[in-house]
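See below for final-v6.pdb, which holds PDB, C-alpha atoms, pLDDT in the B column.
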MODEL        1
ATOM      1  CA  MET A   1       0.000   0.000   0.000  1.00 41.00           C
ATOM      2  CA  SER A   2       2.734   2.423  -1.000  1.00 43.00           C
ATOM      3  CA  THR A   3       1.826   6.014  -1.807  1.00 49.00           C
ATOM      4  CA  PRO A   4       1.053   6.159  -5.544  1.00 64.00           C
ATOM      5  CA  ASP A   5       2.515   8.890  -7.736  1.00 84.00           C
ATOM      6  CA  VAL A   6       0.648  10.737 -10.464  1.00 90.00           C
ATOM      7  CA  GLY A   7       1.875   8.337 -13.118  1.00 92.00           C
ATOM      8  CA  SER A   8       0.448   5.311 -11.335  1.00 92.00           C
ATOM      9  CA  PHE A   9      -2.855   7.130 -10.824  1.00 95.00           C
ATOM     10  CA  ASP A  10      -2.963   8.021 -14.527  1.00 96.00           C
ATOM     11  CA  ASP A  11      -2.397   4.365 -15.411  1.00 96.00           C
ATOM     12  CA  TRP A  12      -5.118   3.288 -12.973  1.00 96.00           C
ATOM     13  CA  TYR A  13      -7.653   5.717 -14.395  1.00 97.00           C
ATOM     14  CA  ARG A  14      -6.846   4.643 -17.951  1.00 97.00           C
ATOM     15  CA  ALA A  15      -7.461   1.040 -16.904  1.00 97.00           C
ATOM     16  CA  ILE A  16     -10.817   1.631 -15.206  1.00 96.00           C
ATOM     17  CA  VAL A  17     -12.078   3.892 -18.004  1.00 95.00           C
ATOM     18  CA  ALA A  18     -11.232   1.152 -20.536  1.00 96.00           C
ATOM     19  CA  SER A  19     -12.644  -1.698 -18.437  1.00 96.00           C
ATOM     20  CA  PRO A  20     -16.167  -2.950 -19.226  1.00 96.00           C
ATOM     21  CA  ARG A  21     -16.321  -4.629 -15.804  1.00 96.00           C
ATOM     22  CA  TRP A  22     -14.904  -2.232 -13.179  1.00 96.00           C
ATOM     23  CA  ASP A  23     -17.720   0.326 -12.963  1.00 95.00           C
ATOM     24  CA  PRO A  24     -20.586  -2.211 -12.962  1.00 95.00           C
ATOM     25  CA  PHE A  25     -18.890  -4.236 -10.219  1.00 96.00           C
ATOM     26  CA  VAL A  26     -18.150  -1.250  -7.990  1.00 96.00           C
ATOM     27  CA  ARG A  27     -21.579   0.325  -8.544  1.00 95.00           C
ATOM     28  CA  ARG A  28     -23.264  -2.930  -7.582  1.00 95.00           C
ATOM     29  CA  TRP A  29     -21.405  -3.381  -4.306  1.00 96.00           C
ATOM     30  CA  LEU A  30     -21.461   0.289  -3.327  1.00 97.00           C
ATOM     31  CA  ASP A  31     -25.113   0.730  -4.372  1.00 96.00           C
ATOM     32  CA  LEU A  32     -24.286   3.822  -6.420  1.00 95.00           C
ATOM     33  CA  PRO A  33     -26.577   5.619  -8.879  1.00 91.00           C
ATOM     34  CA  PRO A  34     -25.919   4.539 -12.485  1.00 90.00           C
ATOM     35  CA  GLU A  35     -24.506   7.917 -13.508  1.00 89.00           C
ATOM     36  CA  VAL A  36     -21.814   7.967 -10.814  1.00 92.00           C
ATOM     37  CA  GLU A  37     -18.326   7.127 -12.026  1.00 91.00           C
ATOM     38  CA  SER A  38     -16.700   6.452  -8.695  1.00 88.00           C
ATOM     39  CA  SER A  39     -13.078   7.026  -7.812  1.00 83.00           C
ATOM     40  CA  GLY A  40     -13.348   6.282  -4.099  1.00 85.00           C
ATOM     41  CA  TYR A  41     -15.245   3.688  -2.109  1.00 93.00           C
ATOM     42  CA  LEU A  42     -18.021   5.837  -0.678  1.00 95.00           C
ATOM     43  CA  SER A  43     -21.337   3.979  -0.978  1.00 95.00           C
ATOM     44  CA  GLY A  44     -24.603   5.374  -2.272  1.00 95.00           C
ATOM     45  CA  PRO A  45     -26.124   5.603   1.228  1.00 96.00           C
ATOM     46  CA  GLY A  46     -22.875   7.212   2.409  1.00 96.00           C
ATOM     47  CA  LEU A  47     -23.158   9.768  -0.388  1.00 96.00           C
ATOM     48  CA  VAL A  48     -26.649  10.684   0.835  1.00 95.00           C
ATOM     49  CA  GLU A  49     -25.171  11.384   4.280  1.00 97.00           C
ATOM     50  CA  VAL A  50     -22.424  13.502   2.741  1.00 96.00           C
ATOM     51  CA  LEU A  51     -24.922  15.564   0.736  1.00 95.00           C
ATOM     52  CA  ASP A  52     -26.945  16.219   3.886  1.00 95.00           C
ATOM     53  CA  GLU A  53     -23.830  17.391   5.731  1.00 96.00           C
ATOM     54  CA  LEU A  54     -22.727  19.694   2.893  1.00 95.00           C
ATOM     55  CA  GLY A  55     -25.988  21.638   3.086  1.00 91.00           C
ATOM     56  CA  LEU A  56     -25.423  23.179  -0.348  1.00 92.00           C
ATOM     57  CA  GLU A  57     -27.645  25.910  -1.758  1.00 90.00           C
ATOM     58  CA  PRO A  58     -28.226  26.893  -5.388  1.00 93.00           C
ATOM     59  CA  GLY A  59     -25.467  29.048  -6.823  1.00 92.00           C
ATOM     60  CA  ARG A  60     -22.956  28.348  -4.054  1.00 94.00           C
ATOM     61  CA  MET A  61     -19.483  27.088  -4.924  1.00 97.00           C
ATOM     62  CA  LEU A  62     -18.464  23.536  -4.056  1.00 98.00           C
ATOM     63  CA  VAL A  63     -14.800  22.591  -4.428  1.00 98.00           C
ATOM     64  CA  GLU A  64     -14.046  18.872  -4.545  1.00 98.00           C
ATOM     65  CA  LEU A  65     -10.422  18.082  -3.762  1.00 98.00           C
ATOM     66  CA  GLY A  66      -9.019  14.830  -5.131  1.00 96.00           C
ATOM     67  CA  CYS A  67     -12.138  14.608  -7.292  1.00 97.00           C
ATOM     68  CA  GLY A  68     -11.002  11.756  -9.527  1.00 96.00           C
ATOM     69  CA  ARG A  69     -13.614  11.313 -12.240  1.00 96.00           C
ATOM     70  CA  GLY A  70     -15.867  13.779 -10.437  1.00 95.00           C
ATOM     71  CA  GLY A  71     -18.785  11.446  -9.800  1.00 93.00           C
ATOM     72  CA  TYR A  72     -19.555  12.441  -6.236  1.00 96.00           C
ATOM     73  CA  GLY A  73     -19.209  16.181  -6.800  1.00 96.00           C
ATOM     74  CA  MET A  74     -21.454  16.113  -9.845  1.00 96.00           C
ATOM     75  CA  VAL A  75     -24.193  14.373  -7.866  1.00 95.00           C
ATOM     76  CA  ALA A  76     -23.899  17.124  -5.253  1.00 95.00           C
ATOM     77  CA  ALA A  77     -24.009  19.898  -7.856  1.00 95.00           C
ATOM     78  CA  ARG A  78     -27.002  18.466  -9.671  1.00 94.00           C
ATOM     79  CA  ALA A  79     -28.956  17.786  -6.472  1.00 93.00           C
ATOM     80  CA  SER A  80     -28.378  21.247  -5.030  1.00 94.00           C
ATOM     81  CA  GLY A  81     -27.932  23.623  -7.961  1.00 94.00           C
ATOM     82  CA  ALA A  82     -24.459  24.521  -6.680  1.00 96.00           C
ATOM     83  CA  ARG A  83     -21.516  25.265  -8.940  1.00 97.00           C
ATOM     84  CA  LEU A  84     -18.625  22.825  -8.861  1.00 98.00           C
ATOM     85  CA  ILE A  85     -14.871  23.002  -9.269  1.00 98.00           C
ATOM     86  CA  GLY A  86     -13.209  19.595  -9.133  1.00 98.00           C
ATOM     87  CA  VAL A  87      -9.451  19.332  -8.679  1.00 98.00           C
ATOM     88  CA  ASP A  88      -7.281  16.261  -9.176  1.00 97.00           C
ATOM     89  CA  PHE A  89      -3.608  15.746  -9.947  1.00 96.00           C
ATOM     90  CA  SER A  90      -4.374  13.092 -12.594  1.00 96.00           C
ATOM     91  CA  ALA A  91      -4.940  14.612 -16.015  1.00 97.00           C
ATOM     92  CA  VAL A  92      -6.532  11.330 -17.110  1.00 97.00           C
ATOM     93  CA  ALA A  93      -9.119  11.550 -14.304  1.00 97.00           C
ATOM     94  CA  VAL A  94      -9.831  15.204 -15.070  1.00 98.00           C
ATOM     95  CA  ALA A  95     -10.403  14.417 -18.751  1.00 98.00           C
ATOM     96  CA  ALA A  96     -12.843  11.647 -17.780  1.00 97.00           C
ATOM     97  CA  ALA A  97     -14.679  14.022 -15.411  1.00 97.00           C
ATOM     98  CA  ARG A  98     -15.034  16.611 -18.170  1.00 98.00           C
ATOM     99  CA  ARG A  99     -16.498  14.028 -20.556  1.00 97.00           C
ATOM    100  CA  GLN A 100     -18.993  12.879 -17.941  1.00 96.00           C
ATOM    101  CA  ALA A 101     -20.009  16.470 -17.167  1.00 97.00           C
ATOM    102  CA  VAL A 102     -20.872  16.955 -20.844  1.00 97.00           C
ATOM    103  CA  HIS A 103     -22.758  13.653 -20.874  1.00 96.00           C
ATOM    104  CA  LEU A 104     -24.778  14.686 -17.827  1.00 96.00           C
ATOM    105  CA  GLN A 105     -25.309  18.207 -19.206  1.00 96.00           C
ATOM    106  CA  LEU A 106     -23.509  19.710 -16.220  1.00 96.00           C
ATOM    107  CA  ASP A 107     -20.620  21.295 -18.095  1.00 94.00           C
ATOM    108  CA  ASP A 108     -22.179  24.746 -17.641  1.00 96.00           C
ATOM    109  CA  VAL A 109     -21.904  24.475 -13.832  1.00 96.00           C
ATOM    110  CA  ALA A 110     -19.054  21.966 -13.350  1.00 97.00           C
ATOM    111  CA  GLU A 111     -15.407  22.741 -14.051  1.00 97.00           C
ATOM    112  CA  PHE A 112     -12.533  20.288 -13.643  1.00 98.00           C
ATOM    113  CA  ARG A 113      -8.887  21.209 -13.470  1.00 97.00           C
ATOM    114  CA  VAL A 114      -5.531  19.589 -12.830  1.00 97.00           C
ATOM    115  CA  GLY A 115      -4.137  20.595  -9.452  1.00 96.00           C
ATOM    116  CA  ASP A 116      -2.816  19.276  -6.191  1.00 93.00           C
ATOM    117  CA  LEU A 117      -4.909  18.548  -3.124  1.00 94.00           C
ATOM    118  CA  THR A 118      -2.608  20.824  -1.139  1.00 95.00           C
ATOM    119  CA  SER A 119      -2.348  23.535  -3.806  1.00 94.00           C
ATOM    120  CA  SER A 120      -5.527  23.599  -5.871  1.00 96.00           C
ATOM    121  CA  GLY A 121      -5.119  26.965  -7.538  1.00 95.00           C
ATOM    122  CA  VAL A 122      -8.706  27.884  -6.619  1.00 97.00           C
ATOM    123  CA  PRO A 123      -8.977  31.420  -5.125  1.00 97.00           C
ATOM    124  CA  SER A 124      -8.907  31.745  -1.346  1.00 97.00           C
ATOM    125  CA  GLY A 125     -12.246  32.058   0.421  1.00 96.00           C
ATOM    126  CA  SER A 126     -14.240  31.174  -2.701  1.00 96.00           C
ATOM    127  CA  ALA A 127     -15.862  27.927  -1.539  1.00 97.00           C
ATOM    128  CA  GLY A 128     -19.113  27.717   0.318  1.00 97.00           C
ATOM    129  CA  ALA A 129     -18.240  24.070   0.832  1.00 98.00           C
ATOM    130  CA  VAL A 130     -15.283  21.745   0.298  1.00 98.00           C
ATOM    131  CA  LEU A 131     -15.655  18.023  -0.317  1.00 98.00           C
ATOM    132  CA  CYS A 132     -12.873  15.429  -0.142  1.00 97.00           C
ATOM    133  CA  VAL A 133     -13.799  11.772  -0.605  1.00 97.00           C
ATOM    134  CA  ASP A 134     -11.220   9.132   0.339  1.00 96.00           C
ATOM    135  CA  ALA A 135      -8.253  11.256  -0.749  1.00 95.00           C
ATOM    136  CA  PHE A 136      -7.071  13.203   2.310  1.00 96.00           C
ATOM    137  CA  HIS A 137      -4.557  10.525   3.331  1.00 93.00           C
ATOM    138  CA  PHE A 138      -2.746  10.677  -0.011  1.00 92.00           C
ATOM    139  CA  ALA A 139      -1.475  14.201   0.755  1.00 94.00           C
ATOM    140  CA  ARG A 140       0.555  15.595   3.641  1.00 94.00           C
ATOM    141  CA  PRO A 141      -2.242  16.028   6.194  1.00 95.00           C
ATOM    142  CA  PRO A 142      -1.148  19.442   7.567  1.00 96.00           C
ATOM    143  CA  ALA A 143      -0.901  20.875   4.054  1.00 97.00           C
ATOM    144  CA  ALA A 144      -4.213  19.329   2.989  1.00 97.00           C
ATOM    145  CA  ALA A 145      -5.966  20.711   6.070  1.00 98.00           C
ATOM    146  CA  ALA A 146      -4.474  24.168   5.436  1.00 98.00           C
ATOM    147  CA  GLU A 147      -5.720  24.094   1.840  1.00 98.00           C
ATOM    148  CA  CYS A 148      -9.236  23.223   2.994  1.00 98.00           C
ATOM    149  CA  ARG A 149      -9.224  26.190   5.357  1.00 98.00           C
ATOM    150  CA  ARG A 150      -7.795  28.510   2.697  1.00 98.00           C
ATOM    151  CA  LEU A 151     -10.535  27.634   0.242  1.00 98.00           C
ATOM    152  CA  LEU A 152     -13.490  28.051   2.596  1.00 98.00           C
ATOM    153  CA  GLU A 153     -15.373  31.287   2.949  1.00 97.00           C
ATOM    154  CA  PRO A 154     -16.017  32.264   6.593  1.00 96.00           C
ATOM    155  CA  GLY A 155     -18.356  29.674   8.068  1.00 96.00           C
ATOM    156  CA  GLY A 156     -18.093  27.480   4.962  1.00 97.00           C
ATOM    157  CA  ARG A 157     -18.572  23.752   5.359  1.00 97.00           C
ATOM    158  CA  LEU A 158     -15.960  21.007   4.975  1.00 98.00           C
ATOM    159  CA  VAL A 159     -17.052  17.389   4.578  1.00 98.00           C
ATOM    160  CA  LEU A 160     -14.556  14.600   4.019  1.00 97.00           C
ATOM    161  CA  THR A 161     -14.509  10.840   4.221  1.00 97.00           C
ATOM    162  CA  SER A 162     -11.459   8.893   5.248  1.00 97.00           C
ATOM    163  CA  TRP A 163     -10.007   5.945   7.097  1.00 97.00           C
ATOM    164  CA  GLU A 164      -8.265   6.240  10.451  1.00 97.00           C
ATOM    165  CA  PRO A 165      -6.340   3.727  12.548  1.00 97.00           C
ATOM    166  CA  VAL A 166      -8.293   2.013  15.303  1.00 97.00           C
ATOM    167  CA  ALA A 167      -5.120   2.486  17.359  1.00 97.00           C
ATOM    168  CA  LEU A 168      -2.802   5.366  16.507  1.00 96.00           C
ATOM    169  CA  GLY A 169       0.674   4.179  15.636  1.00 96.00           C
ATOM    170  CA  ASP A 170      -0.438   0.662  14.696  1.00 97.00           C
ATOM    171  CA  PRO A 171       2.658  -0.829  13.002  1.00 96.00           C
ATOM    172  CA  VAL A 172       0.508  -3.106  10.826  1.00 96.00           C
ATOM    173  CA  LEU A 173      -0.693  -0.093   8.858  1.00 96.00           C
ATOM    174  CA  PRO A 174       1.178   1.737   6.091  1.00 92.00           C
ATOM    175  CA  GLY A 175       2.850   4.975   7.069  1.00 88.00           C
ATOM    176  CA  ARG A 176       0.316   7.356   5.596  1.00 88.00           C
ATOM    177  CA  LEU A 177      -2.493   5.794   7.677  1.00 94.00           C
ATOM    178  CA  ARG A 178      -0.618   4.708  10.801  1.00 95.00           C
ATOM    179  CA  ASP A 179      -0.740   8.074  12.576  1.00 95.00           C
ATOM    180  CA  LEU A 180      -3.584   9.753  10.707  1.00 96.00           C
ATOM    181  CA  ASP A 181      -5.840  11.796  12.980  1.00 97.00           C
ATOM    182  CA  VAL A 182      -7.990  13.874  10.652  1.00 98.00           C
ATOM    183  CA  GLY A 183      -9.768  15.842  13.356  1.00 97.00           C
ATOM    184  CA  ARG A 184      -6.494  16.847  14.966  1.00 97.00           C
ATOM    185  CA  GLU A 185      -5.094  18.027  11.631  1.00 98.00           C
ATOM    186  CA  LEU A 186      -8.156  20.114  10.807  1.00 98.00           C
ATOM    187  CA  ALA A 187      -8.258  21.743  14.239  1.00 98.00           C
ATOM    188  CA  ALA A 188      -4.531  22.527  14.030  1.00 98.00           C
ATOM    189  CA  ALA A 189      -5.163  24.265  10.685  1.00 98.00           C
ATOM    190  CA  GLY A 190      -7.716  26.555  12.325  1.00 97.00           C
ATOM    191  CA  LEU A 191     -10.952  24.910  11.241  1.00 98.00           C
ATOM    192  CA  VAL A 192     -13.735  24.948  13.823  1.00 98.00           C
ATOM    193  CA  ASP A 193     -16.670  22.749  14.863  1.00 98.00           C
ATOM    194  CA  VAL A 194     -14.654  19.671  13.886  1.00 98.00           C
ATOM    195  CA  GLU A 195     -16.551  16.413  14.302  1.00 98.00           C
ATOM    196  CA  VAL A 196     -15.293  12.917  13.501  1.00 98.00           C
ATOM    197  CA  SER A 197     -18.005  10.268  13.303  1.00 98.00           C
ATOM    198  CA  PRO A 198     -17.237   6.545  12.842  1.00 97.00           C
ATOM    199  CA  ARG A 199     -19.203   4.847  10.093  1.00 97.00           C
ATOM    200  CA  PRO A 200     -19.012   1.064  10.723  1.00 97.00           C
ATOM    201  CA  ALA A 201     -21.707   0.398   8.112  1.00 96.00           C
ATOM    202  CA  TRP A 202     -19.405   1.864   5.449  1.00 97.00           C
ATOM    203  CA  SER A 203     -16.635  -0.466   6.588  1.00 96.00           C
ATOM    204  CA  SER A 204     -18.976  -3.459   6.248  1.00 96.00           C
ATOM    205  CA  VAL A 205     -19.857  -2.487   2.681  1.00 96.00           C
ATOM    206  CA  GLU A 206     -16.201  -2.167   1.751  1.00 96.00           C
ATOM    207  CA  ARG A 207     -15.318  -5.484   3.322  1.00 96.00           C
ATOM    208  CA  SER A 208     -18.059  -7.160   1.270  1.00 97.00           C
ATOM    209  CA  LEU A 209     -16.721  -5.508  -1.882  1.00 97.00           C
ATOM    210  CA  TRP A 210     -13.181  -6.746  -1.234  1.00 97.00           C
ATOM    211  CA  GLU A 211     -14.374 -10.261  -0.450  1.00 97.00           C
ATOM    212  CA  ALA A 212     -16.350 -10.319  -3.699  1.00 98.00           C
ATOM    213  CA  ALA A 213     -13.348  -8.951  -5.599  1.00 97.00           C
ATOM    214  CA  LEU A 214     -11.290 -11.951  -4.533  1.00 97.00           C
ATOM    215  CA  THR A 215     -13.652 -14.198  -6.508  1.00 97.00           C
ATOM    216  CA  LEU A 216     -13.035 -12.324  -9.783  1.00 97.00           C
ATOM    217  CA  GLU A 217     -10.924 -13.606 -12.643  1.00 97.00           C
ATOM    218  CA  PRO A 218      -9.044 -10.706 -14.256  1.00 97.00           C
ATOM    219  CA  ALA A 219      -9.202 -12.346 -17.709  1.00 95.00           C
ATOM    220  CA  GLY A 220      -6.833  -9.819 -19.209  1.00 96.00           C
ATOM    221  CA  ASP A 221      -8.573  -6.786 -17.650  1.00 98.00           C
ATOM    222  CA  PRO A 222      -5.911  -4.649 -15.880  1.00 97.00           C
ATOM    223  CA  ALA A 223      -8.515  -2.786 -13.807  1.00 97.00           C
ATOM    224  CA  ILE A 224      -9.936  -6.034 -12.417  1.00 97.00           C
ATOM    225  CA  ALA A 225      -6.430  -7.394 -11.802  1.00 97.00           C
ATOM    226  CA  ASP A 226      -5.661  -4.245  -9.797  1.00 96.00           C
ATOM    227  CA  LEU A 227      -8.934  -4.604  -7.867  1.00 96.00           C
ATOM    228  CA  VAL A 228      -8.082  -8.188  -6.902  1.00 97.00           C
ATOM    229  CA  GLU A 229      -4.593  -7.139  -5.823  1.00 96.00           C
ATOM    230  CA  GLU A 230      -6.027  -4.287  -3.756  1.00 95.00           C
ATOM    231  CA  ALA A 231      -8.485  -6.658  -2.082  1.00 96.00           C
ATOM    232  CA  GLU A 232      -5.663  -9.030  -1.153  1.00 97.00           C
ATOM    233  CA  GLU A 233      -3.785  -6.118   0.386  1.00 95.00           C
ATOM    234  CA  LEU A 234      -6.642  -4.344   2.169  1.00 94.00           C
ATOM    235  CA  LEU A 235      -8.721  -7.160   3.653  1.00 96.00           C
ATOM    236  CA  PRO A 236      -6.071  -8.046   6.277  1.00 95.00           C
ATOM    237  CA  LEU A 237      -5.914  -4.360   7.255  1.00 96.00           C
ATOM    238  CA  ALA A 238      -9.676  -3.960   7.677  1.00 95.00           C
ATOM    239  CA  PRO A 239      -9.769  -4.803  11.427  1.00 96.00           C
ATOM    240  CA  HIS A 240      -7.117  -2.155  12.040  1.00 97.00           C
ATOM    241  CA  LEU A 241      -8.986   0.704  10.338  1.00 97.00           C
ATOM    242  CA  ARG A 242     -12.219   2.554  10.952  1.00 97.00           C
ATOM    243  CA  ARG A 243     -14.248   4.480   8.404  1.00 97.00           C
ATOM    244  CA  VAL A 244     -15.027   8.080   9.387  1.00 98.00           C
ATOM    245  CA  LEU A 245     -17.176  10.972   8.222  1.00 98.00           C
ATOM    246  CA  VAL A 246     -15.524  14.254   9.184  1.00 98.00           C
ATOM    247  CA  THR A 247     -17.155  17.674   9.185  1.00 98.00           C
ATOM    248  CA  ALA A 248     -15.819  21.131  10.053  1.00 98.00           C
ATOM    249  CA  ARG A 249     -16.332  24.791   9.291  1.00 98.00           C
ATOM    250  CA  GLY A 250     -14.121  27.632   8.265  1.00 97.00           C
ATOM    251  CA  PRO A 251     -13.638  30.175  11.059  1.00 95.00           C
ATOM    252  CA  ALA A 252     -16.148  33.016  11.157  1.00 89.00           C
ATOM    253  CA  THR A 253     -13.484  35.479  10.015  1.00 73.00           C
ATOM    254  CA  THR A 254     -10.315  34.813   8.049  1.00 50.00           C
ATOM    255  CA  GLY A 255      -8.217  36.229  10.862  1.00 46.00           C
ATOM    256  CA  THR A 256      -9.318  33.696  13.492  1.00 40.00           C
TER     257      THR A 256
ENDMDL
END
Show how you would write the structure in this file as C-alpha cells.
Amino acid sequence: MSTPDVGSFDDWYRAIVASPRWDPFVRRWLDLPPEVESSGYLSGPGLVEVLDELGLEPGRMLVELGCGRGGYGMVAARASGARLIGVDFSAVAVAAARRQAVHLQLDDVAEFRVGDLTSSGVPSGSAGAVLCVDAFHFARPPAAAAECRRLLEPGGRLVLTSWEPVALGDPVLPGRLRDLDVGRELAAAGLVDVEVSPRPAWSSVERSLWEAALTLEPAGDPAIADLVEEAEELLPLAPHLRRVLVTARGPATTGT
C-alpha cells in the first residue's frame, strides 16, 4: 500500500475507463446511482449522508479536492444547484470528469482542473463548501488541512470521508495511515466545529466488496487485476482501520 505517484494514478484511471467490468462491479457493491463514475469507495447511502452534511444551496461554490472522475461532486451539484470546481492531480481523471459532465449536461456548472490537493489553484475564500472523498490521506495532512481552510469562505462547510487507525501508531498499517488523525489536523489548521463520526456500516460495505473482488478472474482486464490485488492487500488491514465521516467549518473570520 505504498503512496502512488501521479503516473500510477494516470495508469489506474486509464485502466478503469477502458474496463467494461470495473464500474458495474463497484456500482453494484457500493449501491451507487448509475450515472456515478466512482473514484473512491463511498457507498450510495454514504453519499446521501455527505450531501446532507454539505448543506449546499443553489449558486454556491463547491470545491471537490481529489475529485477523480468527479462522480460524487457532480451528484452534489445536480442535487443542489451549486456550482462545482473539481481538482485532481491526474490529467486522465480530469479528462474523464469533463467528458462525464458533458454527458450529464452539467458542463455549464461543473469545471474540472488539474491541481494538487494541497495547492488547488482555486482562489482563497471562494468555496461555500469543500468536499474530499477518500483522498485526504494521499497528501501531507497538515498541508491538505491548510488548503481546505484557505478555500473556505467564513463559516463554509468542509465534509470529508477517510479511514483512520483504530489504534494510533499501529505498526501493521502503512505509514500514511498509521498516525492519521484527521480531526487533529483540521483543528490545528484553524478549522472549527470539527466532528469525527465513525461509520461502521461503510466499513462493512467495503469489506463485502473486497471479499467479492477476490472471486473475480481478471481475464486480461488490468482494472480487475488491480482490484483483486487491492483486495488481497486491504482485507487483512480492515480490522485495524475505521471508516469516518468528518465535518468542520471555516472560522467566522479569516483572521481567526
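Taking CA of Glu211 (chain A) and CA of Arg242 (chain A) as endpoints, the distance between them is 17.3 Å.
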Kindly list the centre and edge lengths in Å, rounded to one decimal, for the axis-aligned box that covers all listed atoms of region 44-50 of chain A plus 4 Å on each of its six sides, as AutoDock Vina command-line options.
--center_x -24.5 --center_y 9.4 --center_z 1.0 --size_x 12.2 --size_y 16.1 --size_z 14.6
For Val246 (chain A), please output as a count of residues only all residues within 12 Å (counting all atoms listed in the file; exclusion window: fewer than 3 positions along the same chain).
-> 37
Evaluated on this file, the PyMOL selection byres ((chain A and resi 6) around 10) picks out some residues - which ones are they, written as a JSON list (two decimals) with C-alpha atoms, in the coordinates of the input?
[["chain", "number", "residue", "atom", "x", "y", "z"],
["A", 3, "THR", "CA", 1.83, 6.01, -1.81],
["A", 4, "PRO", "CA", 1.05, 6.16, -5.54],
["A", 5, "ASP", "CA", 2.52, 8.89, -7.74],
["A", 7, "GLY", "CA", 1.88, 8.34, -13.12],
["A", 8, "SER", "CA", 0.45, 5.31, -11.34],
["A", 9, "PHE", "CA", -2.86, 7.13, -10.82],
["A", 10, "ASP", "CA", -2.96, 8.02, -14.53],
["A", 11, "ASP", "CA", -2.40, 4.36, -15.41],
["A", 12, "TRP", "CA", -5.12, 3.29, -12.97],
["A", 88, "ASP", "CA", -7.28, 16.26, -9.18],
["A", 89, "PHE", "CA", -3.61, 15.75, -9.95],
["A", 90, "SER", "CA", -4.37, 13.09, -12.59],
["A", 91, "ALA", "CA", -4.94, 14.61, -16.02],
["A", 92, "VAL", "CA", -6.53, 11.33, -17.11]]
Test item: the PyMOL selection byres ((chain A and resi 154) around 6) resolved as a list in words | Glu153, Gly155, Gly156, Gly250, Pro251, Ala252 and Thr253 of chain A
Spatial neighbours of His240 (chain A), 7 Å, all atoms listed in the file, chain gap at least 2 places, as a ChimeraX atom specification = /A:165-166,237-238
Might you pull out every residue within 10 Å of Pro20 (chain A), with only C-alpha atoms counted and same-chain residues fewer than 3 positions away left off, and present them as a ChimeraX atom specification?
-> /A:15-17,23-25,221,223-224
Would you mind completing region 69-84 of chain A to N, CA and C atoms and writing the output as a tab-separated table (two decimals), in the frame of the given file?
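Ended up saving to out-v7.tsv:
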chain	number	residue	atom	x	y	z
A	69	ARG	N	-12.74	11.13	-11.08
A	69	ARG	CA	-13.61	11.31	-12.24
A	69	ARG	C	-14.83	12.19	-11.94
A	70	GLY	N	-14.87	12.75	-10.74
A	70	GLY	CA	-15.87	13.78	-10.44
A	70	GLY	C	-17.26	13.29	-10.13
A	71	GLY	N	-17.44	11.98	-9.95
A	71	GLY	CA	-18.78	11.45	-9.80
A	71	GLY	C	-19.53	11.96	-8.60
A	72	TYR	N	-18.87	12.02	-7.45
A	72	TYR	CA	-19.56	12.44	-6.24
A	72	TYR	C	-19.90	13.93	-6.29
A	73	GLY	N	-18.96	14.75	-6.73
A	73	GLY	CA	-19.21	16.18	-6.80
A	73	GLY	C	-20.32	16.54	-7.76
A	74	MET	N	-20.40	15.81	-8.88
A	74	MET	CA	-21.45	16.11	-9.85
A	74	MET	C	-22.82	15.76	-9.30
A	75	VAL	N	-22.92	14.68	-8.52
A	75	VAL	CA	-24.19	14.37	-7.87
A	75	VAL	C	-24.58	15.52	-6.94
A	76	ALA	N	-23.62	16.03	-6.18
A	76	ALA	CA	-23.90	17.12	-5.25
A	76	ALA	C	-24.34	18.38	-5.99
A	77	ALA	N	-23.67	18.70	-7.10
A	77	ALA	CA	-24.01	19.90	-7.86
A	77	ALA	C	-25.40	19.79	-8.47
A	78	ARG	N	-25.70	18.63	-9.02
A	78	ARG	CA	-27.00	18.47	-9.67
A	78	ARG	C	-28.13	18.47	-8.65
A	79	ALA	N	-27.90	17.86	-7.49
A	79	ALA	CA	-28.96	17.79	-6.47
A	79	ALA	C	-29.25	19.14	-5.85
A	80	SER	N	-28.23	20.00	-5.78
A	80	SER	CA	-28.38	21.25	-5.03
A	80	SER	C	-28.46	22.51	-5.89
A	81	GLY	N	-28.03	22.42	-7.14
A	81	GLY	CA	-27.93	23.62	-7.96
A	81	GLY	C	-26.68	24.42	-7.70
A	82	ALA	N	-25.73	23.84	-6.95
A	82	ALA	CA	-24.46	24.52	-6.68
A	82	ALA	C	-23.56	24.45	-7.91
A	83	ARG	N	-22.58	25.34	-7.94
A	83	ARG	CA	-21.52	25.26	-8.94
A	83	ARG	C	-20.40	24.39	-8.39
A	84	LEU	N	-19.63	23.79	-9.28
A	84	LEU	CA	-18.62	22.82	-8.86
A	84	LEU	C	-17.30	23.10	-9.54
